[in-house]
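Each remark here refers to the structure printed beneath this line.
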Amino acid sequence: MHKHLALLLLVLYSVFSSAQDTLQTVKIETRSKSLKKSFTTTANITTLTSKELLKAACCNLAESFETNPSIDVNFPDALTGTKQIKMLGLTSPYLMITEENIPSVRGASQAYGLSFTPGTWVESIQITKGAGSVVNGYESISGQINTELIKPINDIPFFLNVYGSTDSRFEVNTHFNRKISDKWSSSLFIHGNARVAKNDMNDDGFLDNPLGKQINVLNRWQYNDAEKGWVSFINFRYMNDEKQTGQIGFDKDRDRGTTHFWGSEINTQRLDITTKIGYVFPEMPFQSIGFQNAFNSHDQDSYFGLNQYNIRQSSYYSNLIFSSIINNTMNKFSTGLNFTYDKYDEFVLVPNIDRNFDRIDNSVGAFFEYTYDNTDNFSVVAGGRFDKHNRLGAFFTPRLHIRYNPWEKGVLRASAGRGKRAANIFAENQQLFASSRAFDVLNSNGKRYGLDAEIAWNYGLSFMQGFSLFGKSADIGFDFFRTDFQNQAVVDLYQMPQQVVFYNLDGKSFANSFQLEFNVELQKHLNLRTAYKYYDIQTDFLSGSSERPLQAKHRFFGNLAYETHIKEKGRQWKFDFTYNWMGKQKLPFTGTNPESERLPEFSPSFSLMNMQVTRTFSSTFEMYLGGENIGNYKQEKAILGSDNPFGPNFDASIVYAPVFGQMYYAGIRFKIK
């Protein structure tokens with residue numbers, strides 16, 4: 001595999017080295033931070049720029065947070081290879097994930113949706129901790145992640161990224177951009193990836209990562225008329241993703257539906273059409289109106305051994321927003337209406353359950369958000385929305401953010417807000433299908449799966465101080481957030497190893513998150529970023545109060561980045577190293593299994609190290625080489641009952657660490673400007 005990767009790079013370099021020599025334009029750019037935190041924004045927002053995303057492979061959105069301490073990247077199971085994220089100690093369903101402020105990863109796409117957005121499409125990512133804005137909806141509990149895609153009006157005519165790794169994963173990204181007229185621009189993004197060889201680095205007879213292929217096409221159109229105040233976007237997108245995993249000897253054509261070999265396929269097709277139109281009043285630039293619409297169809301057919309899970313979601317989302325001022329620009333407001341429609345066709349075949357959960361959800365809501373900013377040291381954003389949902393009823397959602405600058409380069413923030421959502425218990429916990437567990441839902445006559453809606457309050461306090469250390473810029477800060485659940489769809493893995501139980505919370509459930517961060521420029525072009533995180537997450541289960549499983553209480557993060565001076569024609573070296581230490585994690589109960597299939601109560605602590613070296617040959621061509629988990633840490637027993645996958649002890653969902661071990665990759669980026 002290393003030979004194939006080297007050969008691929010040699011061919012690519014020979015093709016493009018001659019091309020980059022013919023381009024003579026030199027572009028001089030000022031240095032800017034790749035990760036930005038503002039002292040003046042009201043909410044606790046961190047912005048990841050495209051420069052930050054280039055520090056790692058960032059093949060898709062799920063892999064774009066490795067160098068950012070606000071997001072925890074996790075390993076959901078030992079089979080699918082899909083990374084999932086947590087923020088404030090809570091899994092991604094409690095986040096509102098949007099694409100250009102339109103809800104994107106939700107419902108049927110919760111498990112794998114972050115892997116459906118290629119990293120090269122992303123212009124920037126905004127991470128908001130705590131309660132989000134009421135403008136974007138009522139479901140946000142722990143925060144919001146908004147992705148901004150590359151805008152056609154700002155894009156270059158051509159971009160190519162080719163990637164290959166030692167785990168047999170290969171990717172190609174091409175961007176084509178064309179200025180149609182003075183007002184119209186269009187971009188065509190084409191992404192393809194495939195994993196072509198079987199790998200079993202821990203010798204348990206199962207693939208560490210799935211075989212698969214994906215084709216992903218996005219066509220964006222942008223209209224911009226600055227003189228008259230109009231701007232609009234139209235997006236058309238199609239994606240087809242296929243994964244196959246399981247035992248090494250599994251043949252999907254021969255063994256599906258049998259007990260010869262355990263195998264799994266997850267095939268997803270997705271269609272998205274979105275439109276955005278905005279108008280800024282030429283005589284009143286502080287006043288605007290925007291109208292967003294989105295339609296998507298998500299169709300997943302999958303099986304996990306003898307378990308089967310199929311889900312199709314057809315959705316429509318519409319949001320009308322009007323923004324203006326009250327008397328002066330220190331007093332601003334946004335108000336509007338939105339509508340959401342979701343049609344689910346869901347089929348579940350697992351031990352204890354064999355039925356359809358078809359349903360239609362719809363809601364209509366109105367919101368108002370007021371912003372006061374004295375343009376100096378104080379601002380407040382207070383908002384509320386009222387929604388009527390056919391299952392959740394009528395309810396009110398308040399949100400509040402406050403910012404105060406007590407002195408120069410110091411900022412204190414506070415936030416509070418309420419969130420409400422209906423859990424999709426099967427779509428959000430698909431890793432449990434890769435087990436022999438019986439599924440039990442304790443029906444309480446709720447509106448979805450017999451369960452009530454999840455309701456939580458989130459409170460946050462943060463402080464950041466910038467200063468000079470030995471003549472170099474530095475900053476230190478902390479934040480503390482608490483999430484209190486009034487009700488929660490509890491996923492209980494503490495009853496017995498052969499069972500998972502879903503039920504409404506009876507008692508308390510909370511998540512406390514504390515983060516201490518220190519960043520410093522050690523010398524020119526050399527930056528250190530560090531963070532320590534502490535989580536206290538407790539839930540009242542049927543067996544009593546306990547820590548939430550598979551969540552480290554203590555984590556440490558460090559990132560060291562160095563760039564050489566930019567030389568003639570843009571030549572430069574870039575080095576990036578990331579270190580993560582994760583403390584012990586409480587594991588699901590396995591005490592009644594045979595001794596050989598038991599896990600300890602807590603996992604061991606471990607460290608992960610990633611690195612990347614980038615060589616920029618010119619403003620148009622660069623190569624990169626990197627490694628993940630270069631310390632080669634692997635979970636010792638990732639799959640319980642792997643020698644008898646159709647037996648009662650099989651479970652591939654108890655994963656707290658990497659399964660594959662070391663992985664090295666290389667690639668090239670080529671531009672025509």
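For the structure tokens, the naming scheme is as follows: chains receive sequential letters (A, B, ...) according to their order of presentation, residues are indexed from 1 within each chain, and ligands are indexed from 1 in presentation order.
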What parts of region 490-546 of chain A does DSSP call strand (DSSP E or B)? I'd like the answer as a count of residues only. 43
For Gly507 (chain A), please output as a ChimeraX atom specification all residues within 12 Å (counting only C-alpha atoms; exclusion window: fewer than 5 positions along the same chain). /A:484-488,490,538-546
Please dump the current selection as a PDB file, in the first residue's frame; keep N, CA, C and O atoms.
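Listing of selection.pdb after writing:
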ATOM      1  N   ASP A 484     -29.293  20.982  31.985  1.00  0.00           N
ATOM      2  CA  ASP A 484     -30.232  20.279  32.860  1.00  0.00           C
ATOM      3  C   ASP A 484     -31.398  19.773  32.021  1.00  0.00           C
ATOM      4  O   ASP A 484     -32.096  20.573  31.369  1.00  0.00           O
ATOM      5  N   PHE A 485     -31.618  18.474  32.055  1.00  0.00           N
ATOM      6  CA  PHE A 485     -32.722  17.888  31.310  1.00  0.00           C
ATOM      7  C   PHE A 485     -33.968  17.813  32.183  1.00  0.00           C
ATOM      8  O   PHE A 485     -33.947  17.239  33.277  1.00  0.00           O
ATOM      9  N   GLN A 486     -35.057  18.385  31.673  1.00  0.00           N
ATOM     10  CA  GLN A 486     -36.359  18.179  32.293  1.00  0.00           C
ATOM     11  C   GLN A 486     -36.920  16.819  31.880  1.00  0.00           C
ATOM     12  O   GLN A 486     -37.599  16.160  32.660  1.00  0.00           O
ATOM     13  N   ASN A 487     -36.664  16.452  30.656  1.00  0.00           N
ATOM     14  CA  ASN A 487     -36.961  15.093  30.196  1.00  0.00           C
ATOM     15  C   ASN A 487     -35.922  14.703  29.162  1.00  0.00           C
ATOM     16  O   ASN A 487     -35.367  15.544  28.463  1.00  0.00           O
ATOM     17  N   GLN A 488     -35.652  13.411  29.074  1.00  0.00           N
ATOM     18  CA  GLN A 488     -34.662  12.900  28.137  1.00  0.00           C
ATOM     19  C   GLN A 488     -35.067  11.496  27.707  1.00  0.00           C
ATOM     20  O   GLN A 488     -35.644  10.741  28.498  1.00  0.00           O
ATOM     21  N   VAL A 490     -33.742   8.346  27.490  1.00  0.00           N
ATOM     22  CA  VAL A 490     -32.563   7.697  28.062  1.00  0.00           C
ATOM     23  C   VAL A 490     -32.230   6.434  27.271  1.00  0.00           C
ATOM     24  O   VAL A 490     -33.108   5.626  26.961  1.00  0.00           O
ATOM     25  N   GLN A 538     -24.127  12.990  34.457  1.00  0.00           N
ATOM     26  CA  GLN A 538     -24.818  12.000  35.274  1.00  0.00           C
ATOM     27  C   GLN A 538     -26.260  11.854  34.802  1.00  0.00           C
ATOM     28  O   GLN A 538     -26.899  12.837  34.410  1.00  0.00           O
ATOM     29  N   THR A 539     -26.757  10.635  34.865  1.00  0.00           N
ATOM     30  CA  THR A 539     -28.144  10.340  34.520  1.00  0.00           C
ATOM     31  C   THR A 539     -28.699   9.322  35.503  1.00  0.00           C
ATOM     32  O   THR A 539     -27.987   8.403  35.928  1.00  0.00           O
ATOM     33  N   ASP A 540     -29.969   9.494  35.863  1.00  0.00           N
ATOM     34  CA  ASP A 540     -30.650   8.501  36.690  1.00  0.00           C
ATOM     35  C   ASP A 540     -31.177   7.391  35.789  1.00  0.00           C
ATOM     36  O   ASP A 540     -32.173   7.580  35.067  1.00  0.00           O
ATOM     37  N   PHE A 541     -30.489   6.251  35.808  1.00  0.00           N
ATOM     38  CA  PHE A 541     -30.920   5.078  35.063  1.00  0.00           C
ATOM     39  C   PHE A 541     -31.826   4.221  35.942  1.00  0.00           C
ATOM     40  O   PHE A 541     -32.030   4.515  37.134  1.00  0.00           O
ATOM     41  N   LEU A 542     -32.371   3.140  35.372  1.00  0.00           N
ATOM     42  CA  LEU A 542     -33.219   2.241  36.151  1.00  0.00           C
ATOM     43  C   LEU A 542     -32.451   1.624  37.316  1.00  0.00           C
ATOM     44  O   LEU A 542     -33.024   1.341  38.372  1.00  0.00           O
ATOM     45  N   SER A 543     -31.151   1.442  37.124  1.00  0.00           N
ATOM     46  CA  SER A 543     -30.317   0.822  38.158  1.00  0.00           C
ATOM     47  C   SER A 543     -29.734   1.840  39.125  1.00  0.00           C
ATOM     48  O   SER A 543     -28.990   1.481  40.026  1.00  0.00           O
ATOM     49  N   GLY A 544     -30.056   3.116  38.938  1.00  0.00           N
ATOM     50  CA  GLY A 544     -29.544   4.160  39.817  1.00  0.00           C
ATOM     51  C   GLY A 544     -28.759   5.210  39.050  1.00  0.00           C
ATOM     52  O   GLY A 544     -28.532   5.098  37.840  1.00  0.00           O
ATOM     53  N   SER A 545     -28.312   6.230  39.743  1.00  0.00           N
ATOM     54  CA  SER A 545     -27.560   7.319  39.118  1.00  0.00           C
ATOM     55  C   SER A 545     -26.163   6.845  38.729  1.00  0.00           C
ATOM     56  O   SER A 545     -25.493   6.144  39.496  1.00  0.00           O
ATOM     57  N   SER A 546     -25.719   7.231  37.521  1.00  0.00           N
ATOM     58  CA  SER A 546     -24.413   6.788  37.039  1.00  0.00           C
ATOM     59  C   SER A 546     -23.892   7.758  36.000  1.00  0.00           C
ATOM     60  O   SER A 546     -24.637   8.560  35.425  1.00  0.00           O
TER      61      SER A 546
END
Residues near Asn610 (chain A), anyone? I mean within 9 Å using only C-alpha atoms, not counting same-chain ones fewer than 6 positions away, as a list of chain:residue names.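 So, after excluding close chain neighbours, the residues are A:Ala56, A:Glu66, A:Asp576, A:Phe577, A:Thr578, A:Tyr579, A:Asn580, A:Gly626, A:Gly627, A:Glu628, A:Asn629, A:Ile630, A:Gly631.
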Identify which of the residues A:Gly419, A:Gly119, A:Gly132, A:Gly667 lies closest to Leu149 (chain A), counting only C-alpha atoms when measuring atom-to-atom distances.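 Ranking A:Gly419, A:Gly119, A:Gly132, A:Gly667 by distance to Leu149 (chain A), first place goes to A:Gly119.
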Using only C-alpha atoms, which residue out of A:Tyr309, A:Thr41, A:Phe261, A:Trp407 lies closest to Arg355 (chain A)?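 Result for the nearest residue to Arg355 (chain A): A:Tyr309.
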Would you work out the distance separating CA of Pro282 (chain A) from CA of Gly336 (chain A), expressed in Å to one decimal? 20.9 Å
Using only C-alpha atoms, which protein or nucleic acid residues come within 9 Å of Met87 (chain A)? Drop anything in the same chain fewer than 5 positions from it, and give the result as JSON, numbers by chain. {"A": [70, 71, 72, 92, 94, 95, 129, 142, 143, 513]}
For Val364 (chain A), which residue out of A:Ile325, A:Asn319, A:Val380, A:Ser435 is the nearest one, using only C-alpha atoms?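 Looking only at the distances to Val364 (chain A), the closest residue turns out to be A:Asn319.
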Residues near Pro157 (chain A), cut-off 9 Å, only C-alpha atoms, skip fewer than 2 positions along chain, as a short mmCIF file (atom, residue, chain, number, x, y, z; two decimals) with all heavy atoms, in the first residue's frame:
data_model
loop_
_atom_site.label_atom_id
_atom_site.label_comp_id
_atom_site.auth_asym_id
_atom_site.auth_seq_id
_atom_site.Cartn_x
_atom_site.Cartn_y
_atom_site.Cartn_z
N ASP A 155 -14.97 32.15 -5.73
CA ASP A 155 -14.21 30.93 -6.03
C ASP A 155 -13.25 31.15 -7.19
O ASP A 155 -13.41 32.07 -8.00
CB ASP A 155 -15.18 29.79 -6.34
CG ASP A 155 -14.56 28.42 -6.08
OD1 ASP A 155 -13.40 28.38 -5.63
OD2 ASP A 155 -15.23 27.41 -6.34
N PHE A 159 -10.01 23.92 -9.05
CA PHE A 159 -9.29 23.40 -7.88
C PHE A 159 -9.33 21.88 -7.95
O PHE A 159 -10.35 21.27 -8.29
CB PHE A 159 -9.94 23.89 -6.59
CG PHE A 159 -9.38 23.23 -5.35
CD1 PHE A 159 -8.18 23.66 -4.80
CD2 PHE A 159 -10.05 22.17 -4.75
CE1 PHE A 159 -7.66 23.05 -3.67
CE2 PHE A 159 -9.54 21.56 -3.61
CZ PHE A 159 -8.34 22.00 -3.08
N HIS A 175 -13.22 21.28 -8.25
CA HIS A 175 -14.12 22.43 -8.23
C HIS A 175 -13.96 23.16 -9.55
O HIS A 175 -12.84 23.48 -9.97
CB HIS A 175 -13.77 23.40 -7.10
CG HIS A 175 -13.79 22.79 -5.74
ND1 HIS A 175 -13.46 23.51 -4.61
CD2 HIS A 175 -14.08 21.54 -5.31
CE1 HIS A 175 -13.55 22.73 -3.54
NE2 HIS A 175 -13.91 21.52 -3.95
N PHE A 176 -15.06 23.45 -10.19
CA PHE A 176 -15.07 24.26 -11.41
C PHE A 176 -15.93 25.49 -11.15
O PHE A 176 -17.05 25.38 -10.64
CB PHE A 176 -15.65 23.47 -12.59
CG PHE A 176 -14.93 22.19 -12.90
CD1 PHE A 176 -15.31 21.00 -12.29
CD2 PHE A 176 -13.86 22.17 -13.78
CE1 PHE A 176 -14.66 19.81 -12.57
CE2 PHE A 176 -13.20 20.99 -14.07
CZ PHE A 176 -13.60 19.80 -13.46
N ASN A 177 -15.41 26.65 -11.49
CA ASN A 177 -16.15 27.89 -11.25
C ASN A 177 -16.16 28.74 -12.51
O ASN A 177 -15.15 28.82 -13.23
CB ASN A 177 -15.53 28.67 -10.09
CG ASN A 177 -16.29 29.94 -9.80
OD1 ASN A 177 -15.93 31.03 -10.24
ND2 ASN A 177 -17.38 29.82 -9.04
N ARG A 178 -17.29 29.38 -12.74
CA ARG A 178 -17.41 30.21 -13.93
C ARG A 178 -18.24 31.44 -13.62
O ARG A 178 -19.30 31.35 -12.98
CB ARG A 178 -18.06 29.44 -15.07
CG ARG A 178 -18.13 30.21 -16.38
CD ARG A 178 -18.83 29.42 -17.46
NE ARG A 178 -18.96 30.17 -18.69
CZ ARG A 178 -19.68 29.80 -19.74
NH1 ARG A 178 -20.33 28.63 -19.69
NH2 ARG A 178 -19.76 30.53 -20.82
N LYS A 179 -17.75 32.60 -14.05
CA LYS A 179 -18.52 33.84 -13.96
C LYS A 179 -19.39 33.94 -15.21
O LYS A 179 -18.89 34.18 -16.30
CB LYS A 179 -17.59 35.04 -13.86
CG LYS A 179 -16.62 34.98 -12.68
CD LYS A 179 -17.35 35.06 -11.34
CE LYS A 179 -16.37 35.16 -10.18
NZ LYS A 179 -15.62 33.90 -9.93
N SER A 187 -20.72 27.41 -9.54
CA SER A 187 -19.67 26.46 -9.17
C SER A 187 -20.20 25.05 -9.28
O SER A 187 -21.37 24.79 -8.95
CB SER A 187 -19.19 26.71 -7.73
OG SER A 187 -18.51 27.94 -7.62
N LYS A 671 -4.38 24.51 -8.06
CA LYS A 671 -5.35 25.57 -8.35
C LYS A 671 -5.02 26.25 -9.68
O LYS A 671 -3.85 26.35 -10.07
CB LYS A 671 -5.33 26.65 -7.26
CG LYS A 671 -5.51 26.13 -5.84
CD LYS A 671 -5.29 27.26 -4.85
CE LYS A 671 -5.34 26.76 -3.41
NZ LYS A 671 -5.06 27.85 -2.45
N ILE A 672 -6.04 26.72 -10.32
CA ILE A 672 -5.88 27.67 -11.43
C ILE A 672 -6.65 28.92 -11.02
O ILE A 672 -7.86 28.87 -10.82
CB ILE A 672 -6.42 27.11 -12.76
CG1 ILE A 672 -5.61 25.89 -13.19
CG2 ILE A 672 -6.40 28.19 -13.83
CD1 ILE A 672 -6.09 25.26 -14.48
N LYS A 673 -5.92 30.01 -10.88
CA LYS A 673 -6.54 31.24 -10.37
C LYS A 673 -6.93 32.18 -11.50
O LYS A 673 -6.44 32.09 -12.60
CB LYS A 673 -5.59 31.94 -9.40
CG LYS A 673 -5.30 31.11 -8.16
CD LYS A 673 -4.47 31.89 -7.18
CE LYS A 673 -4.24 31.09 -5.89
NZ LYS A 673 -3.47 31.86 -4.89
#
Nearest candidate to Ile145 (chain A) (options A:Pro93, A:Gly107, A:Gly246, A:Gly81; using only C-alpha atoms):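 Answer, going by the shortest atom-to-atom distance: A:Pro93.
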So which residues touch region 314-317 of chain A within 9 Å, counting only C-alpha atoms, skipping near sequence neighbours fewer than 3 positions away, as a list in words? Ile102, Pro103, Gln292, Asn293, Ala294, Phe295, Asn296, Ser297, His298, Asp299, Asn338, Phe339, Thr340, Tyr341, Asp342, Lys343, Tyr344 and Asp345 of chain A
So how far away is CA of Phe518 (chain A) from CA of Ala474 (chain A), in Å? 7.6 Å
With only C-alpha atoms as the counted atoms, please give the residues lying no more than 10 Å from Leu188 (chain A), apart from itself and same-chain residues fewer than 6 positions off, as a list in words.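 The residues satisfying every condition are Pro152, Phe158, Thr174, His175, Phe176, Asn177, Arg178, Val217, Leu218, Asn219, Arg220, Trp221, Asn235, Phe236 and Arg237 of chain A.
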